Structures are given as structure tokens and as C-alpha cells.
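J.: Supplied structure: query.cif, mmCIF, C-alpha atoms and all ligand atoms.
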```cif
data_protein
#
loop_
_atom_site.label_atom_id
_atom_site.label_comp_id
_atom_site.auth_asym_id
_atom_site.auth_seq_id
_atom_site.Cartn_x
_atom_site.Cartn_y
_atom_site.Cartn_z
CA MET A 1 -10.08 -193.40 229.79
CA PRO A 2 -12.96 -195.25 228.19
CA ALA A 3 -12.33 -195.70 224.53
CA HIS A 4 -15.80 -196.56 223.52
CA SER A 5 -19.15 -195.00 223.80
CA VAL A 6 -22.38 -196.83 223.85
CA THR A 7 -25.04 -195.76 221.49
CA THR A 8 -28.51 -197.03 221.86
CA GLU A 9 -30.24 -197.14 218.59
CA GLU A 10 -33.90 -197.31 219.14
CA THR A 11 -35.80 -198.15 216.09
CA PRO A 12 -39.36 -198.42 217.18
CA GLU A 13 -41.25 -200.14 214.47
CA LYS A 14 -44.56 -198.45 214.63
CA HIS A 15 -46.73 -200.01 212.03
CA ALA A 16 -49.96 -198.98 213.66
CA LEU A 17 -50.93 -196.56 216.36
CA PRO A 18 -52.21 -198.13 219.58
CA PRO A 19 -56.00 -198.27 219.71
CA VAL A 20 -57.81 -195.35 221.30
CA VAL A 21 -61.28 -194.98 222.79
CA ARG A 22 -62.77 -191.55 222.08
CA PHE A 23 -65.79 -189.91 223.66
CA LEU A 24 -67.77 -187.31 221.76
CA GLN A 25 -70.89 -185.26 222.21
CA GLY A 26 -72.00 -184.38 218.73
CA ALA A 27 -68.91 -183.08 216.94
CA LYS A 28 -67.19 -182.15 220.20
CA LEU A 29 -64.42 -184.43 221.44
CA LEU A 30 -64.80 -184.70 225.23
CA GLY A 31 -61.83 -186.94 225.86
CA GLN A 32 -59.88 -189.97 224.75
CA THR A 33 -57.83 -192.71 226.33
CA PRO A 34 -55.76 -195.70 225.20
CA HIS A 35 -57.76 -198.88 224.76
CA VAL A 36 -57.37 -201.29 227.66
CA PRO A 37 -58.56 -204.78 226.68
CA GLY A 38 -61.18 -206.09 229.08
CA ASN A 39 -62.14 -202.71 230.50
CA THR A 40 -65.68 -201.46 230.09
CA LEU A 41 -66.60 -198.30 228.28
CA VAL A 42 -67.39 -196.61 231.61
CA GLU A 43 -63.92 -197.50 232.90
CA HIS A 44 -62.39 -196.05 229.72
CA ALA A 45 -64.51 -192.92 230.20
CA GLU A 46 -63.16 -192.48 233.73
CA ASP A 47 -59.62 -192.78 232.37
CA ALA A 48 -60.47 -190.11 229.80
CA GLY A 49 -61.98 -187.78 232.41
CA VAL A 50 -65.43 -188.14 230.88
CA HIS A 51 -68.52 -188.81 232.98
CA ILE A 52 -71.01 -191.41 231.83
CA PRO A 53 -73.88 -191.67 234.32
CA THR A 54 -74.52 -195.13 235.75
CA ASN A 55 -77.08 -196.67 238.04
CA CYS A 56 -77.34 -200.45 238.05
CA THR A 57 -73.92 -201.13 236.45
CA SER A 58 -75.28 -204.49 235.31
CA GLY A 59 -76.91 -203.78 231.95
CA THR A 60 -80.44 -203.49 233.30
CA CYS A 61 -81.47 -199.83 233.61
CA GLY A 62 -80.10 -198.21 230.45
CA THR A 63 -78.77 -195.15 232.31
CA CYS A 64 -75.30 -195.57 230.80
CA MET A 65 -76.54 -195.89 227.21
CA VAL A 66 -74.28 -194.38 224.53
CA THR A 67 -74.21 -194.40 220.74
CA LEU A 68 -71.48 -196.31 218.95
CA LEU A 69 -70.14 -194.16 216.10
CA TYR A 70 -67.14 -196.20 215.02
CA GLY A 71 -65.52 -199.49 215.92
CA GLU A 72 -66.69 -202.57 217.75
CA ILE A 73 -68.34 -203.02 221.13
CA PRO A 74 -69.54 -206.61 220.92
CA LEU A 75 -73.00 -207.39 222.23
CA PRO A 76 -73.76 -210.35 224.47
CA GLU A 77 -75.61 -213.23 222.75
CA VAL A 78 -78.69 -212.49 224.78
CA LEU A 79 -79.41 -208.77 224.95
CA PRO A 80 -79.42 -207.41 228.50
CA PRO A 81 -82.64 -205.84 229.81
CA GLY A 82 -81.25 -202.36 229.14
CA LEU A 83 -81.15 -202.93 225.35
CA ASP A 84 -83.56 -204.11 222.70
CA ASP A 85 -83.32 -204.77 218.96
CA TYR A 86 -84.62 -201.31 218.11
CA LEU A 87 -81.98 -199.60 220.24
CA VAL A 88 -79.25 -201.84 218.87
CA GLU A 89 -80.28 -200.87 215.33
CA GLY A 90 -79.65 -197.28 216.42
CA CYS A 91 -76.13 -198.34 217.51
CA ALA A 92 -76.94 -198.17 221.23
CA ARG A 93 -74.48 -199.76 223.62
CA LEU A 94 -74.37 -199.91 227.41
CA GLY A 95 -71.28 -198.34 228.90
CA CYS A 96 -71.35 -200.37 232.11
CA ILE A 97 -71.07 -203.74 230.39
CA GLY A 98 -69.84 -202.87 226.88
CA LYS A 99 -66.17 -203.59 226.29
CA PRO A 100 -64.57 -201.83 223.32
CA ASP A 101 -62.68 -204.05 220.91
CA GLY A 102 -59.89 -201.77 219.69
CA ASP A 103 -60.42 -198.28 218.26
CA VAL A 104 -63.84 -197.00 219.20
CA ASP A 105 -65.67 -193.66 218.97
CA VAL A 106 -68.84 -193.19 220.96
CA ASP A 107 -71.27 -190.35 221.46
CA ILE A 108 -71.99 -190.32 225.19
CA ARG A 109 -75.69 -189.76 224.48
CA PRO A 110 -78.17 -192.49 223.67
CA PRO A 111 -79.40 -192.77 220.07
CA LEU A 112 -82.18 -190.27 219.35
S1 LIG A 201 -75.81 -198.51 234.50
FE1 LIG A 201 -77.67 -199.59 234.22
S2 LIG A 201 -77.48 -200.43 232.24
FE2 LIG A 201 -75.54 -199.53 232.62
#
```
Re-express the file's structure as C-alpha cells.
T.:
Amino acid sequence: MPAHSVTTEETPEKHALPPVVRFLQGAKLLGQTPHVPGNTLVEHAEDAGVHIPTNCTSGTCGTCMVTLLYGEIPLPEVLPPGLDDYLVEGCARLGCIGKPDGDVDVDIRPPL
């Protein structure tokens, strides 16, 4: 008869929650998904069950334009044809080429 029992003590040290990418339309949360480094915003949207329309998927047409509400989606050094300084000032980002850097909230609509 076994005289010992094994106890597994799991002590997850959660200092910070894993980053999440959230998609909103106004105040309405449409979906959210864990942040996957290297994935584009459109790929995150698919994971979250949210549709962001695309066309060129190369940063040219602006179809996938969203508004960054919180967090970082770094811009390329040279702005792609689908963005300009004015749009960037309005926090526009392109979902097809923009890659979230950690926690991010976006409105799936372009800046007004
Ligand atoms: S789909 Fe054309 S800029 Fe993103």
C-alpha cells in the first residue's frame, strides 16, 4: 500500500496579465484575443471573431484602416501609401500591416 501521496503545489506567479488585443466600435466591445507577437492586427481580429475589411493587404489602399485607442502599433519609418501624417495624427493604423506591441485597444473604424 503506497504510504505517500504526491501533492502538486502550483504557485503560478502572476505578476501581470498576458497582453490582450481588443476590438471596439465606439463603446461596444466586439471581441478580444491574446496578443500574439508578430501577428498583424487583422490576424488578431480573425482570432477574436471580428471582421476588418481588407483589399490590398499591403498597406496601400487604406481599406483596413482602424483607430488606435490605447497601446502601441508601431509605424514603419516610411509611411505606407495607405497612411499620411494627418491620418496618423488621428491615430490611424492599418490593420493589414500593423502589428500590436502588447496590450492594444482599437476602434475598427477609421478616425473621423
Ligand atoms: S488592406 Fe489595403 S491598406 Fe490594408
J.: At what distance in Å, to one decimal, does atom CA of Val106 of chain A lie from atom CA of Pro80 of chain A?
T.: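 Spanning atom CA of Pro80 of chain A to atom CA of Val106 of chain A is a straight-line distance of 19.3 Å.
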J.: With only C-alpha atoms and all ligand atoms as the basis for distance, which of A:Val21, A:Ile97, A:Leu75, A:Leu87 is at the shortest distance from ligand LIG 201 (chain A)?
T.: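 Of A:Val21, A:Ile97, A:Leu75, A:Leu87, the one nearest ligand LIG 201 (chain A) is A:Ile97, counting only C-alpha atoms and all ligand atoms.
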J.: If we count only C-alpha atoms and set the cut-off at 9 Å, which residues sit around Gly90 of chain A, ignoring sequence neighbours fewer than 3 positions away in its own chain? Please answer as a ChimeraX atom specification.
T.: /A:67-68,85-87,110-112
J.: Have a look at A:Thr63, A:Val104, A:Arg109, A:Asp47 and name the one nearest to Pro18 of chain A; count only C-alpha atoms.
T.: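 For Pro18 of chain A, the nearest of the candidates is A:Val104.
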J.: What residues have any atom no more than 9 Å from ligand LIG 201 (chain A) when counting all atoms listed in the file, and can you list them as a list in words?
T.: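 Counting only what the definition allows, namely all atoms listed in the file, the set is Val42, Ile52, Pro53, Thr54, Asn55, Cys56, Thr57, Ser58, Gly59, Thr60, Cys61, Gly62, Thr63, Cys64, Met65, Pro80, Pro81, Gly82, Leu83, Leu94, Gly95, Cys96, Ile97 and Gly98 of chain A.
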J.: Using the selection just defined, write its residues with C-alpha atoms as a compact mmCIF listing (two decimals), in the coordinates of the input.
T.:
```txt
# COMPACT_ATOMS: atom_id res chain seq x y z
CA VAL A 42 -67.39 -196.61 231.61
CA ILE A 52 -71.01 -191.41 231.83
CA PRO A 53 -73.88 -191.67 234.32
CA THR A 54 -74.52 -195.13 235.75
CA ASN A 55 -77.08 -196.67 238.04
CA CYS A 56 -77.34 -200.45 238.05
CA THR A 57 -73.92 -201.13 236.45
CA SER A 58 -75.28 -204.49 235.31
CA GLY A 59 -76.91 -203.78 231.95
CA THR A 60 -80.44 -203.49 233.30
CA CYS A 61 -81.47 -199.83 233.61
CA GLY A 62 -80.10 -198.21 230.45
CA THR A 63 -78.77 -195.15 232.31
CA CYS A 64 -75.30 -195.57 230.80
CA MET A 65 -76.54 -195.89 227.21
CA PRO A 80 -79.42 -207.41 228.50
CA PRO A 81 -82.64 -205.84 229.81
CA GLY A 82 -81.25 -202.36 229.14
CA LEU A 83 -81.15 -202.93 225.35
CA LEU A 94 -74.37 -199.91 227.41
CA GLY A 95 -71.28 -198.34 228.90
CA CYS A 96 -71.35 -200.37 232.11
CA ILE A 97 -71.07 -203.74 230.39
CA GLY A 98 -69.84 -202.87 226.88
```
J.: Expressed in Å to a single decimal, how great is the separation between atom CA of Leu69 of chain A and atom CA of Gly38 of chain A?
T.: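 Atom CA of Leu69 of chain A sits 19.8 Å away from atom CA of Gly38 of chain A.
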J.: Please measure the separation of atom CA of Lys99 of chain A and atom CA of Leu30 of chain A, giving the value in Å to one decimal.
T.: 19.0 Å
J.: Compare A:Asn39, A:Glu89, A:Ile108, A:Asp101 by their minimum atom-to-atom distance to Pro74 of chain A, counting only C-alpha atoms, and give me the closest one.
T.: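 So, comparing all the options, the nearest one is A:Asp101.
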J.: Let me have the centre and edge lengths of the axis-aligned box enclosing all listed atoms of segment 70-83 of chain A with 5 Å padding on every side, in Å to one decimal, as JSON.
T.:
```
{"center_x": -74.1, "center_y": -204.7, "center_z": 222.4, "size_x": 27.1, "size_y": 27.0, "size_z": 24.8}
```
